[in-house]
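Notes follow once the structure below has been shown.
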Amino acid sequence: MAGILDFLTDVGGDRDLSGEFVRIVTSPDCTQQDLADFFAARNYSDVTPADVDKILAQRENIKRDFNVPPNVDY
């Protein structure tokens with residue numbers, strides 16, 4: 001089963017996957033369950049709740065690093 005390291009490897013080379021990830025993780029309504037569902041739906045079933053918590057703790061950094069405007073409308 002694929003986990004967080006597999007995801008990080010894949011997201012670096014897949015624009016669609018990285019776009020989906022950035023959209024969901026930077027959404028103001030994104031919850032731990034939303035992110036867990038994102039990984040499960042894409043067959044990264046070994047991503048743990050601790051992995052998800054670490055990602056959510058970095059949301060502001062992800063927004064800044066990917067230059068996501070605060071009022072972006074998807």
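Scheme for the structure tokens: letters A, B, ... for chains in order shown; per-chain residue numbers from 1; ligand numbers from 1 in order shown.
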Do a neighbour search on Val47 of chain A at 6 Å with only C-alpha atoms, toss out local chain neighbours closer than 2 positions, and write the hits as a list in words.
Gly3, Ile4, Tyr44 and Ser45 of chain A
Which residues come within 10 Å of Pro49 of chain A, counting only C-alpha atoms, excluding same-chain residues fewer than 4 positions away, as a ChimeraX atom specification?
/A:32-33,35-36,53-55
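Each of A:Leu17, A:Leu8, A:Leu56, A:Ala41 was checked against Asp29 of chain A using only C-alpha atoms; the smallest atom-to-atom distance is that of A:Leu56.
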Members of chain A assigned alpha helix (DSSP H) by DSSP, as a VMD selection string:
chain A and resid 4 to 11 15 to 26 32 to 41 49 to 57 59 to 65
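For the residues A:Arg15, A:Asp6, A:Thr31, A:Thr26, ranking by smallest atom-to-atom distance to Arg59 of chain A using only C-alpha atoms places A:Thr26 first.
Atom CA of Asp34 of chain A sits 15.5 Å away from atom CA of Asp46 of chain A.
With only C-alpha atoms as the basis for measurement, A:Val22 is the residue among A:Asp37, A:Val22, A:Leu5, A:Thr48 that approaches Glu60 of chain A most closely.
The shortest atom-to-atom distance to Met1 of chain A, with only C-alpha atoms taken into account, belongs to A:Ala40 out of A:Val25, A:Ile62, A:Cys30, A:Ala40.
Atom pair atom CA of Asn67 of chain A / atom CA of Phe38 of chain A has a distance of 21.4 Å (rounded to one decimal).
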Using only C-alpha atoms, the residue out of A:Ser18, A:Asn43, A:Gly13, A:Ala2 with shortest distance to Phe66 of chain A is A:Ser18
Smallest atom-to-atom distance to Asp16 of chain A: which of A:Val52, A:Ala57, A:Asp65, A:Arg42, using only C-alpha atoms?
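That would be A:Arg42, the residue with the smallest distance to Asp16 of chain A.
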